[in-house]
$ cat protein-v5.tsv   # TSV, N, CA and C atoms
chain	number	residue	atom	x	y	z
A	1	MET	N	16.11	-1.08	-12.23
A	1	MET	CA	15.98	-0.52	-10.90
A	1	MET	C	15.96	-1.64	-9.87
A	2	ALA	N	16.69	-1.46	-8.80
A	2	ALA	CA	16.79	-2.48	-7.76
A	2	ALA	C	15.50	-2.54	-6.94
A	3	VAL	N	15.14	-3.74	-6.58
A	3	VAL	CA	13.96	-3.94	-5.75
A	3	VAL	C	14.39	-3.87	-4.29
A	4	LEU	N	13.72	-3.02	-3.53
A	4	LEU	CA	14.05	-2.86	-2.11
A	4	LEU	C	13.32	-3.88	-1.27
A	5	THR	N	14.00	-4.36	-0.24
A	5	THR	CA	13.34	-5.24	0.71
A	5	THR	C	12.45	-4.40	1.63
A	6	LEU	N	11.59	-5.06	2.35
A	6	LEU	CA	10.73	-4.36	3.29
A	6	LEU	C	11.56	-3.59	4.32
A	7	ASN	N	12.61	-4.21	4.81
A	7	ASN	CA	13.49	-3.55	5.78
A	7	ASN	C	14.12	-2.30	5.19
A	8	GLU	N	14.56	-2.37	3.95
A	8	GLU	CA	15.17	-1.21	3.30
A	8	GLU	C	14.15	-0.09	3.13
A	9	LYS	N	12.93	-0.45	2.77
A	9	LYS	CA	11.87	0.56	2.62
A	9	LYS	C	11.57	1.21	3.97
A	10	LEU	N	11.52	0.40	5.01
A	10	LEU	CA	11.25	0.95	6.34
A	10	LEU	C	12.41	1.83	6.82
A	11	ASP	N	13.63	1.44	6.48
A	11	ASP	CA	14.78	2.29	6.81
A	11	ASP	C	14.70	3.62	6.08
A	12	GLN	N	14.25	3.59	4.83
A	12	GLN	CA	14.07	4.83	4.07
A	12	GLN	C	13.00	5.71	4.71
A	13	LEU	N	11.92	5.10	5.16
A	13	LEU	CA	10.88	5.87	5.86
A	13	LEU	C	11.44	6.49	7.13
A	14	GLY	N	12.30	5.74	7.82
A	14	GLY	CA	12.94	6.26	9.03
A	14	GLY	C	13.82	7.46	8.72
A	15	ALA	N	14.55	7.39	7.62
A	15	ALA	CA	15.41	8.51	7.22
A	15	ALA	C	14.55	9.71	6.84
A	16	ARG	N	13.45	9.47	6.16
A	16	ARG	CA	12.54	10.57	5.79
A	16	ARG	C	11.93	11.19	7.04
A	17	TYR	N	11.56	10.36	8.00
A	17	TYR	CA	11.01	10.84	9.26
A	17	TYR	C	12.02	11.74	9.99
A	18	ASP	N	13.27	11.31	10.03
A	18	ASP	CA	14.33	12.11	10.66
A	18	ASP	C	14.52	13.44	9.94
A	19	GLU	N	14.44	13.39	8.61
A	19	GLU	CA	14.56	14.60	7.80
A	19	GLU	C	13.42	15.57	8.11
A	20	LEU	N	12.21	15.03	8.22
A	20	LEU	CA	11.05	15.87	8.55
A	20	LEU	C	11.17	16.44	9.96
A	21	THR	N	11.67	15.65	10.88
A	21	THR	CA	11.89	16.13	12.25
A	21	THR	C	12.84	17.31	12.24
A	22	GLN	N	13.90	17.19	11.46
A	22	GLN	CA	14.88	18.27	11.33
A	22	GLN	C	14.23	19.52	10.73
A	23	GLN	N	13.43	19.32	9.69
A	23	GLN	CA	12.77	20.45	9.04
A	23	GLN	C	11.83	21.18	10.00
A	24	LEU	N	11.14	20.43	10.84
A	24	LEU	CA	10.20	21.04	11.78
A	24	LEU	C	10.90	21.96	12.78
A	25	SER	N	12.17	21.72	13.00
A	25	SER	CA	12.90	22.52	13.98
A	25	SER	C	13.57	23.75	13.37
A	26	THR	N	13.46	23.92	12.05
A	26	THR	CA	14.08	25.08	11.42
A	26	THR	C	13.14	26.28	11.46
A	27	SER	N	13.72	27.45	11.56
A	27	SER	CA	12.92	28.68	11.58
A	27	SER	C	12.27	28.93	10.22
A	28	GLU	N	12.90	28.44	9.16
A	28	GLU	CA	12.35	28.60	7.81
A	28	GLU	C	10.98	27.94	7.69
A	29	VAL	N	10.87	26.72	8.18
A	29	VAL	CA	9.60	25.99	8.12
A	29	VAL	C	8.61	26.54	9.16
A	30	ALA	N	9.11	26.84	10.33
A	30	ALA	CA	8.23	27.34	11.40
A	30	ALA	C	7.58	28.67	11.03
A	31	SER	N	8.25	29.47	10.24
A	31	SER	CA	7.70	30.78	9.88
A	31	SER	C	6.71	30.72	8.72
A	32	ASP	N	6.60	29.58	8.07
A	32	ASP	CA	5.66	29.41	6.95
A	32	ASP	C	4.59	28.41	7.38
A	33	SER	N	3.44	28.91	7.81
A	33	SER	CA	2.43	28.03	8.41
A	33	SER	C	1.93	26.95	7.46
A	34	ALA	N	1.78	27.26	6.19
A	34	ALA	CA	1.32	26.25	5.22
A	34	ALA	C	2.36	25.13	5.09
A	35	ARG	N	3.60	25.51	4.98
A	35	ARG	CA	4.68	24.51	4.86
A	35	ARG	C	4.82	23.72	6.16
A	36	TYR	N	4.71	24.41	7.29
A	36	TYR	CA	4.80	23.73	8.58
A	36	TYR	C	3.71	22.67	8.70
A	37	GLN	N	2.48	23.03	8.32
A	37	GLN	CA	1.37	22.07	8.40
A	37	GLN	C	1.62	20.86	7.51
A	38	LYS	N	2.13	21.11	6.31
A	38	LYS	CA	2.41	20.01	5.38
A	38	LYS	C	3.48	19.07	5.94
A	39	VAL	N	4.56	19.66	6.45
A	39	VAL	CA	5.66	18.85	7.00
A	39	VAL	C	5.19	18.12	8.26
A	40	ALA	N	4.43	18.80	9.11
A	40	ALA	CA	3.93	18.18	10.35
A	40	ALA	C	2.99	17.02	10.04
A	41	LYS	N	2.17	17.16	9.01
A	41	LYS	CA	1.25	16.09	8.63
A	41	LYS	C	2.03	14.86	8.14
A	42	GLN	N	3.03	15.08	7.27
A	42	GLN	CA	3.85	13.97	6.79
A	42	GLN	C	4.58	13.30	7.96
A	43	HIS	N	5.08	14.11	8.86
A	43	HIS	CA	5.80	13.61	10.04
A	43	HIS	C	4.87	12.72	10.88
A	44	ALA	N	3.67	13.20	11.12
A	44	ALA	CA	2.71	12.45	11.94
A	44	ALA	C	2.30	11.14	11.27
A	45	GLU	N	2.19	11.15	9.95
A	45	GLU	CA	1.80	9.94	9.22
A	45	GLU	C	2.87	8.85	9.32
A	46	LEU	N	4.12	9.24	9.44
A	46	LEU	CA	5.21	8.27	9.51
A	46	LEU	C	5.56	7.83	10.93
A	47	GLU	N	5.15	8.62	11.90
A	47	GLU	CA	5.62	8.43	13.28
A	47	GLU	C	5.40	7.02	13.83
A	48	GLU	N	4.19	6.52	13.76
A	48	GLU	CA	3.90	5.22	14.37
A	48	GLU	C	4.68	4.08	13.71
A	49	ILE	N	4.70	4.06	12.39
A	49	ILE	CA	5.40	2.96	11.72
A	49	ILE	C	6.91	3.03	11.95
A	50	VAL	N	7.46	4.23	11.98
A	50	VAL	CA	8.89	4.37	12.23
A	50	VAL	C	9.23	3.93	13.65
A	51	GLU	N	8.41	4.34	14.62
A	51	GLU	CA	8.66	3.92	16.00
A	51	GLU	C	8.59	2.41	16.15
A	52	LYS	N	7.59	1.79	15.52
A	52	LYS	CA	7.45	0.32	15.61
A	52	LYS	C	8.62	-0.38	14.92
A	53	HIS	N	9.06	0.14	13.79
A	53	HIS	CA	10.19	-0.48	13.09
A	53	HIS	C	11.45	-0.37	13.92
A	54	ARG	N	11.66	0.78	14.54
A	54	ARG	CA	12.86	0.96	15.39
A	54	ARG	C	12.78	0.07	16.62
A	55	GLU	N	11.61	-0.10	17.16
A	55	GLU	CA	11.42	-1.00	18.31
A	55	GLU	C	11.74	-2.44	17.88
A	56	TYR	N	11.25	-2.83	16.71
A	56	TYR	CA	11.51	-4.16	16.18
A	56	TYR	C	13.01	-4.40	15.98
A	57	LYS	N	13.69	-3.42	15.42
A	57	LYS	CA	15.13	-3.55	15.20
A	57	LYS	C	15.88	-3.68	16.53
A	58	GLN	N	15.43	-2.96	17.55
A	58	GLN	CA	16.08	-3.07	18.86
A	58	GLN	C	15.84	-4.46	19.46
A	59	ILE	N	14.65	-4.99	19.29
A	59	ILE	CA	14.35	-6.34	19.78
A	59	ILE	C	15.22	-7.37	19.06
A	60	GLU	N	15.37	-7.21	17.74
A	60	GLU	CA	16.25	-8.12	16.99
A	60	GLU	C	17.68	-8.06	17.52
A	61	LYS	N	18.15	-6.85	17.78
A	61	LYS	CA	19.51	-6.66	18.29
A	61	LYS	C	19.66	-7.31	19.67
A	62	ASP	N	18.68	-7.10	20.55
A	62	ASP	CA	18.71	-7.69	21.89
A	62	ASP	C	18.67	-9.22	21.82
A	63	LEU	N	17.85	-9.74	20.91
A	63	LEU	CA	17.75	-11.19	20.74
A	63	LEU	C	19.07	-11.77	20.24
A	64	ALA	N	19.70	-11.08	19.31
A	64	ALA	CA	20.99	-11.55	18.80
A	64	ALA	C	22.03	-11.55	19.92
A	65	GLY	N	21.99	-10.54	20.77
A	65	GLY	CA	22.92	-10.47	21.90
A	65	GLY	C	22.70	-11.60	22.89
A	66	ALA	N	21.43	-11.89	23.17
A	66	ALA	CA	21.12	-12.98	24.09
A	66	ALA	C	21.55	-14.32	23.48
A	67	HIS	N	21.33	-14.49	22.19
A	67	HIS	CA	21.73	-15.73	21.54
A	67	HIS	C	23.25	-15.88	21.56
A	68	GLN	N	23.95	-14.79	21.30
A	68	GLN	CA	25.42	-14.83	21.32
A	68	GLN	C	25.92	-15.21	22.71
A	69	MET	N	25.29	-14.64	23.73
A	69	MET	CA	25.68	-14.95	25.10
A	69	MET	C	25.40	-16.43	25.40
A	70	LEU	N	24.29	-16.94	24.90
A	70	LEU	CA	23.94	-18.35	25.10
A	70	LEU	C	24.99	-19.26	24.46
A	71	VAL	N	25.42	-18.91	23.28
A	71	VAL	CA	26.40	-19.72	22.55
A	71	VAL	C	27.77	-19.67	23.23
A	72	GLU	N	28.14	-18.49	23.72
A	72	GLU	CA	29.49	-18.31	24.26
A	72	GLU	C	29.62	-18.61	25.75
A	73	ALA	N	28.53	-18.61	26.47
A	73	ALA	CA	28.59	-18.78	27.92
A	73	ALA	C	29.06	-20.19	28.29
A	74	GLU	N	29.96	-20.23	29.25
A	74	GLU	CA	30.43	-21.52	29.75
A	74	GLU	C	29.78	-21.86	31.08
A	75	ASP	N	29.44	-20.85	31.83
A	75	ASP	CA	28.80	-21.02	33.13
A	75	ASP	C	27.33	-21.42	32.92
A	76	PRO	N	26.90	-22.52	33.56
A	76	PRO	CA	25.52	-22.98	33.39
A	76	PRO	C	24.47	-21.92	33.79
A	77	GLU	N	24.76	-21.15	34.81
A	77	GLU	CA	23.82	-20.11	35.22
A	77	GLU	C	23.70	-19.03	34.15
A	78	MET	N	24.83	-18.67	33.54
A	78	MET	CA	24.81	-17.68	32.47
A	78	MET	C	24.06	-18.22	31.25
A	79	LYS	N	24.27	-19.50	30.95
A	79	LYS	CA	23.55	-20.11	29.84
A	79	LYS	C	22.05	-20.08	30.09
A	80	GLN	N	21.65	-20.40	31.32
A	80	GLN	CA	20.22	-20.40	31.65
A	80	GLN	C	19.65	-18.98	31.55
A	81	MET	N	20.40	-18.02	32.06
A	81	MET	CA	19.94	-16.62	32.00
A	81	MET	C	19.80	-16.18	30.54
A	82	ALA	N	20.75	-16.51	29.71
A	82	ALA	CA	20.71	-16.16	28.29
A	82	ALA	C	19.54	-16.87	27.60
A	83	HIS	N	19.34	-18.12	27.97
A	83	HIS	CA	18.22	-18.88	27.40
A	83	HIS	C	16.88	-18.22	27.77
A	84	ASP	N	16.74	-17.86	29.02
A	84	ASP	CA	15.52	-17.19	29.48
A	84	ASP	C	15.31	-15.86	28.77
A	85	GLU	N	16.38	-15.11	28.60
A	85	GLU	CA	16.31	-13.82	27.93
A	85	GLU	C	15.90	-14.00	26.47
A	86	GLU	N	16.43	-15.05	25.86
A	86	GLU	CA	16.12	-15.30	24.45
A	86	GLU	C	14.65	-15.63	24.26
A	87	LYS	N	14.09	-16.31	25.23
A	87	LYS	CA	12.64	-16.63	25.14
A	87	LYS	C	11.84	-15.36	25.17
$ encode --input "protein-v5.tsv" --output "structure tokens"
Amino acid sequence: MAVLTLNEKLDQLGARYDELTQQLSTSEVASDSARYQKVAKQHAELEEIVEKHREYKQIEKDLAGAHQMLVEAEDPEMKQMAHDEEK
């Protein structure tokens, strides 16, 4: 069995969170209060970590963009702006 990295595990939690979000919006789950409570509890347990992981991934993406701009910029002002953004 393959060993998952932390990022892969967090991505799996994100996929599970999205699946639970979808389930909460179905009439099948909404009409069964016991099932709804179970799904809502699982959803709530994952919410904070999934949000933080997605925020982290966005920051990584923004940082990579700023770094790319720093590397490619020829204009000194653009380089400085990219450098400041990267910080």
$ atom_distance --input "protein-v5.tsv" --atom1 "atom C of A:Leu24" --atom2 "atom CA of A:Tyr36"
7.6 Å
$ residues_around --input "protein-v5.tsv" --residues "A:Asp18" --least-positions-apart "2" --cutoff "12 Å" --atoms "only C-alpha atoms" --output "list in words"
Asp11, Gln12, Leu13, Gly14, Ala15, Arg16, Leu20, Thr21, Gln22, Gln23, Leu24, Ser25, Val39, Gln42, His43, Ala44, Leu46, Glu47, Val50 and Glu51 of chain A
$ residues_around --input "protein-v5.tsv" --residues "A:Ala66" --least-positions-apart "6" --cutoff "8 Å" --atoms "only C-alpha atoms" --output "PyMOL selection string"
chain A and resi 82-83+85-86
$ atom_distance --input "protein-v5.tsv" --atom1 "atom C of A:Val3" --atom2 "atom CA of A:Leu63"
26.3 Å
$ closest_residue --input "protein-v5.tsv" --among "A:Ala73, A:Ala40, A:Ala30, A:Ala2" --to "A:Tyr17" --atoms "only C-alpha atoms"
A:Ala40
$ atom_distance --input "protein-v5.tsv" --atom1 "atom C of A:Glu72" --atom2 "atom N of A:Glu55"
27.2 Å
